[in-house]
Amino acid sequence: MKTFVEIGSCDFNTLTHLSHHGWKGVIVEPIKKYFDNIPHEENICYVNVAIGDVDGSTTMWIAPDEVVDVDSDFKGMSTVIEDGHPLLTTEVNVPMMTFDTLFEMTEVSSIDFLKIDVEGYDGKLLKLFPWHNIKPKFIQFESKHTNDLDYVIELLMSNGYHCMVESENTFAILL
């Protein structure tokens, strides 16, 4: 059975549909109000946390409801980066865990597809990924907000990936 892990799913554009094609998965979304709206499917483990460098909690910033009501693009935006965007001003305390803890809790030992969309924190998460234990076959991450993309690409290449950068996302396939 193929396995996906999606970090930062909000409640739209998720990979839940893959469960209809025999995949099992893990969907991680730290913002509770969005997490609660994700469609639930069989063979998917849903985890309401942020991924970070320690197990514990962290502060995130989201757009206030009045901003989301005017521009729905802000619905999916949340960040752990203070002052990451001038309209992400509402503080939310969320639980946080490491990749190792997530994978142990969800019994993930291999990943066919890793998708990360965490508004500028994508590169940091890829630096925290436990490459010594798991190498996803295919990775997609939102790179348009990644300020150290060259370093992240080098990290992926040093772990055996071929990378393709597009305008908003970067794709990496394990060679």
# chains A, B, ... in the order shown; residues from 1 in each chain; ligands from 1
>>> residues_around(residues="stretch 12-22 of chain A", least_positions_apart="2", cutoff="8 Å", atoms="only C-alpha atoms", output="list in words")
Met1, Lys2, Phe4, Glu6, Ser9, Cys10, Lys24, Gly25, Ile38, Pro39, His40, Glu41, Glu42, Asn43 and Ile44 of chain A
>>> write_last_selection(atoms="C-alpha atoms", output="CSV table (one decimal), in the first residue's frame")
chain,number,residue,atom,x,y,z
A,1,MET,CA,0.0,0.0,0.0
A,2,LYS,CA,1.4,3.4,-0.9
A,4,PHE,CA,1.4,9.8,1.7
A,6,GLU,CA,0.8,15.9,3.9
A,9,SER,CA,-3.3,20.8,4.5
A,10,CYS,CA,-5.8,23.4,5.8
A,24,LYS,CA,-2.9,5.2,3.3
A,25,GLY,CA,-1.9,8.6,4.6
A,38,ILE,CA,-11.0,18.2,6.6
A,39,PRO,CA,-13.1,15.4,5.0
A,40,HIS,CA,-12.3,12.1,6.8
A,41,GLU,CA,-11.6,9.0,4.8
A,42,GLU,CA,-10.5,5.5,5.7
A,43,ASN,CA,-6.8,4.7,5.8
A,44,ILE,CA,-5.9,8.3,6.8
>>> residues_around(residues="A:Lys75", least_positions_apart="5", cutoff="10 Å", atoms="only C-alpha atoms", output="PyMOL selection string")
chain A and resi 10-12+34+62-65+67-69
>>> closest_residue(among="A:Met96, A:Lys135, A:Leu149, A:Lys144", to="A:Tyr161", atoms="only C-alpha atoms")
A:Lys135
>>> residues_around(residues="A:Asp100", least_positions_apart="2", cutoff="12 Å", atoms="only C-alpha atoms", output="number ranges by chain")
A: 51-55, 96-98, 102-109, 128-134
>>> write_last_selection(atoms="N, CA and C atoms", output="CSV table (one decimal), in the first residue's frame")
chain,number,residue,atom,x,y,z
A,51,ILE,N,4.5,20.7,12.9
A,51,ILE,CA,5.7,20.0,12.9
A,51,ILE,C,6.9,20.9,13.2
A,52,GLY,N,7.8,20.6,14.1
A,52,GLY,CA,8.9,21.4,14.4
A,52,GLY,C,10.1,20.7,15.0
A,53,ASP,N,10.9,21.4,15.7
A,53,ASP,CA,12.2,20.8,16.1
A,53,ASP,C,12.1,20.1,17.5
A,54,VAL,N,11.0,20.3,18.2
A,54,VAL,CA,10.8,19.7,19.5
A,54,VAL,C,9.3,19.3,19.7
A,55,ASP,N,9.1,18.4,20.6
A,55,ASP,CA,7.7,18.1,21.0
A,55,ASP,C,7.3,19.1,22.1
A,96,MET,N,2.9,20.9,19.0
A,96,MET,CA,3.9,20.7,18.0
A,96,MET,C,4.7,19.4,18.3
A,97,MET,N,5.1,18.7,17.3
A,97,MET,CA,5.9,17.5,17.5
A,97,MET,C,6.9,17.4,16.3
A,98,THR,N,7.9,16.6,16.6
A,98,THR,CA,8.9,16.4,15.6
A,98,THR,C,8.4,15.3,14.5
A,102,LEU,N,5.9,12.1,15.0
A,102,LEU,CA,4.8,11.9,14.1
A,102,LEU,C,4.8,10.5,13.5
A,103,PHE,N,6.0,10.2,13.0
A,103,PHE,CA,6.1,8.9,12.3
A,103,PHE,C,6.0,7.7,13.2
A,104,GLU,N,6.5,7.8,14.4
A,104,GLU,CA,6.3,6.8,15.4
A,104,GLU,C,4.8,6.6,15.8
A,105,MET,N,4.2,7.8,16.1
A,105,MET,CA,2.7,7.8,16.5
A,105,MET,C,1.8,7.2,15.4
A,106,THR,N,2.2,7.5,14.1
A,106,THR,CA,1.3,7.1,13.0
A,106,THR,C,1.8,5.8,12.3
A,107,GLU,N,2.9,5.2,12.8
A,107,GLU,CA,3.5,4.0,12.3
A,107,GLU,C,3.9,4.1,10.8
A,108,VAL,N,4.5,5.3,10.5
A,108,VAL,CA,5.0,5.5,9.1
A,108,VAL,C,6.4,5.1,9.1
A,109,SER,N,6.8,4.2,8.2
A,109,SER,CA,8.1,3.7,8.0
A,109,SER,C,8.7,4.0,6.6
A,128,LEU,N,14.7,19.7,8.9
A,128,LEU,CA,14.4,18.9,10.1
A,128,LEU,C,14.1,17.5,9.8
A,129,PHE,N,13.8,17.2,8.5
A,129,PHE,CA,13.3,15.8,8.2
A,129,PHE,C,14.4,14.8,8.5
A,130,PRO,N,13.9,13.6,9.0
A,130,PRO,CA,14.9,12.5,9.4
A,130,PRO,C,15.4,11.7,8.2
A,131,TRP,N,16.2,12.3,7.3
A,131,TRP,CA,16.7,11.7,6.1
A,131,TRP,C,17.3,10.3,6.4
A,132,HIS,N,17.9,10.2,7.5
A,132,HIS,CA,18.7,9.0,7.9
A,132,HIS,C,17.7,7.8,8.1
A,133,ASN,N,16.4,8.0,8.3
A,133,ASN,CA,15.4,7.0,8.6
A,133,ASN,C,14.5,6.7,7.4
A,134,ILE,N,14.1,7.8,6.7
A,134,ILE,CA,13.1,7.7,5.7
A,134,ILE,C,13.5,8.7,4.5
>>> residues_around(residues="A:Ala50", least_positions_apart="2", cutoff="9 Å", atoms="only C-alpha atoms", output="MDAnalysis selection string")
chainID A and resid 7:8 28:31 47:48 52 57:58 60 80 94:98
>>> residues_around(residues="A:Leu156", least_positions_apart="4", cutoff="9 Å", atoms="only C-alpha atoms", output="VMD selection string")
chain A and resid 126 151 to 152 160 to 163 172 174
>>> write_last_selection(atoms="C-alpha atoms", output="mmCIF file, in the first residue's frame")
data_model
loop_
_atom_site.group_PDB
_atom_site.id
_atom_site.type_symbol
_atom_site.label_atom_id
_atom_site.label_comp_id
_atom_site.auth_asym_id
_atom_site.auth_seq_id
_atom_site.Cartn_x
_atom_site.Cartn_y
_atom_site.Cartn_z
ATOM 1 C CA LEU A 126 12.949 19.782 5.075
ATOM 2 C CA TYR A 151 20.315 25.450 0.282
ATOM 3 C CA VAL A 152 17.160 23.281 0.357
ATOM 4 C CA GLY A 160 19.693 11.554 -3.755
ATOM 5 C CA TYR A 161 16.906 13.661 -5.277
ATOM 6 C CA HIS A 162 16.479 15.255 -8.672
ATOM 7 C CA CYS A 163 14.702 18.607 -8.239
ATOM 8 C CA ALA A 172 11.872 16.266 -5.937
ATOM 9 C CA LEU A 174 14.343 10.093 -5.396
#
>>> select_by_dssp(residues="chain A", states="strand (DSSP E or B)", output="PyMOL selection string")
chain A and resi 3-7+24-28+44-47+50-51+56-62+78-79+90-97+113-116+138-142+161-165+169-174
>>> write_last_selection(atoms="C-alpha atoms", output="short mmCIF file (atom, residue, chain, number, x, y, z; two decimals), in the first residue's frame")
data_model
loop_
_atom_site.label_atom_id
_atom_site.label_comp_id
_atom_site.auth_asym_id
_atom_site.auth_seq_id
_atom_site.Cartn_x
_atom_site.Cartn_y
_atom_site.Cartn_z
CA THR A 3 1.71 6.06 1.76
CA PHE A 4 1.45 9.85 1.66
CA VAL A 5 2.20 12.43 4.31
CA GLU A 6 0.75 15.92 3.92
CA ILE A 7 2.03 18.69 6.20
CA LYS A 24 -2.92 5.23 3.29
CA GLY A 25 -1.94 8.61 4.59
CA VAL A 26 -1.19 11.09 7.32
CA ILE A 27 -2.63 14.59 7.17
CA VAL A 28 -1.16 17.21 9.52
CA ILE A 44 -5.89 8.27 6.77
CA CYS A 45 -4.59 9.39 10.15
CA TYR A 46 -5.42 13.02 10.95
CA VAL A 47 -3.07 14.86 13.31
CA ALA A 50 2.51 21.71 13.85
CA ILE A 51 5.75 19.97 12.92
CA GLY A 56 5.61 20.69 22.87
CA SER A 57 3.75 23.72 21.59
CA THR A 58 4.34 26.79 19.48
CA THR A 59 2.68 30.05 18.52
CA MET A 60 1.31 30.46 15.01
CA TRP A 61 -0.27 33.42 13.28
CA ILE A 62 -3.39 33.29 11.11
CA SER A 78 -0.84 30.25 8.80
CA THR A 79 2.76 30.59 9.87
CA THR A 90 -4.14 36.49 15.13
CA GLU A 91 -2.01 34.41 17.49
CA VAL A 92 -2.93 30.77 18.03
CA ASN A 93 -1.12 28.39 20.37
CA VAL A 94 -0.86 24.92 18.82
CA PRO A 95 0.70 21.60 19.82
CA MET A 96 3.94 20.73 18.04
CA MET A 97 5.88 17.53 17.46
CA PHE A 113 4.59 11.11 -1.51
CA LEU A 114 5.48 13.91 0.90
CA LYS A 115 3.62 17.19 0.39
CA ILE A 116 4.55 20.26 2.45
CA PHE A 138 8.44 11.97 -4.31
CA ILE A 139 8.30 15.38 -2.58
CA GLN A 140 6.29 18.49 -3.38
CA PHE A 141 6.77 21.64 -1.34
CA GLU A 142 5.68 25.23 -1.74
CA TYR A 161 16.91 13.66 -5.28
CA HIS A 162 16.48 15.25 -8.67
CA CYS A 163 14.70 18.61 -8.24
CA MET A 164 12.53 20.73 -10.48
CA VAL A 165 11.62 24.26 -9.39
CA ASN A 169 6.36 24.68 -5.96
CA THR A 170 9.43 22.52 -6.08
CA PHE A 171 9.24 18.84 -6.91
CA ALA A 172 11.87 16.27 -5.94
CA ILE A 173 12.07 12.65 -7.01
CA LEU A 174 14.34 10.09 -5.40
#
>>> atom_distance(atom1="atom CA of A:Tyr121", atom2="atom CA of A:Asn37")
22.9 Å
>>> select_by_dssp(residues="stretch 23-95 of chain A", states="alpha helix (DSSP H)", output="list in words")
Lys32, Lys33, Tyr34, Phe35, Asp65, Glu66, Val67, Val68, Asp69 and Val70 of chain A
>>> atom_distance(atom1="atom CA of A:Pro86", atom2="atom CA of A:Phe99")
29.0 Å
>>> atom_distance(atom1="atom CA of A:Ile153", atom2="atom CA of A:Asp112")
19.0 Å
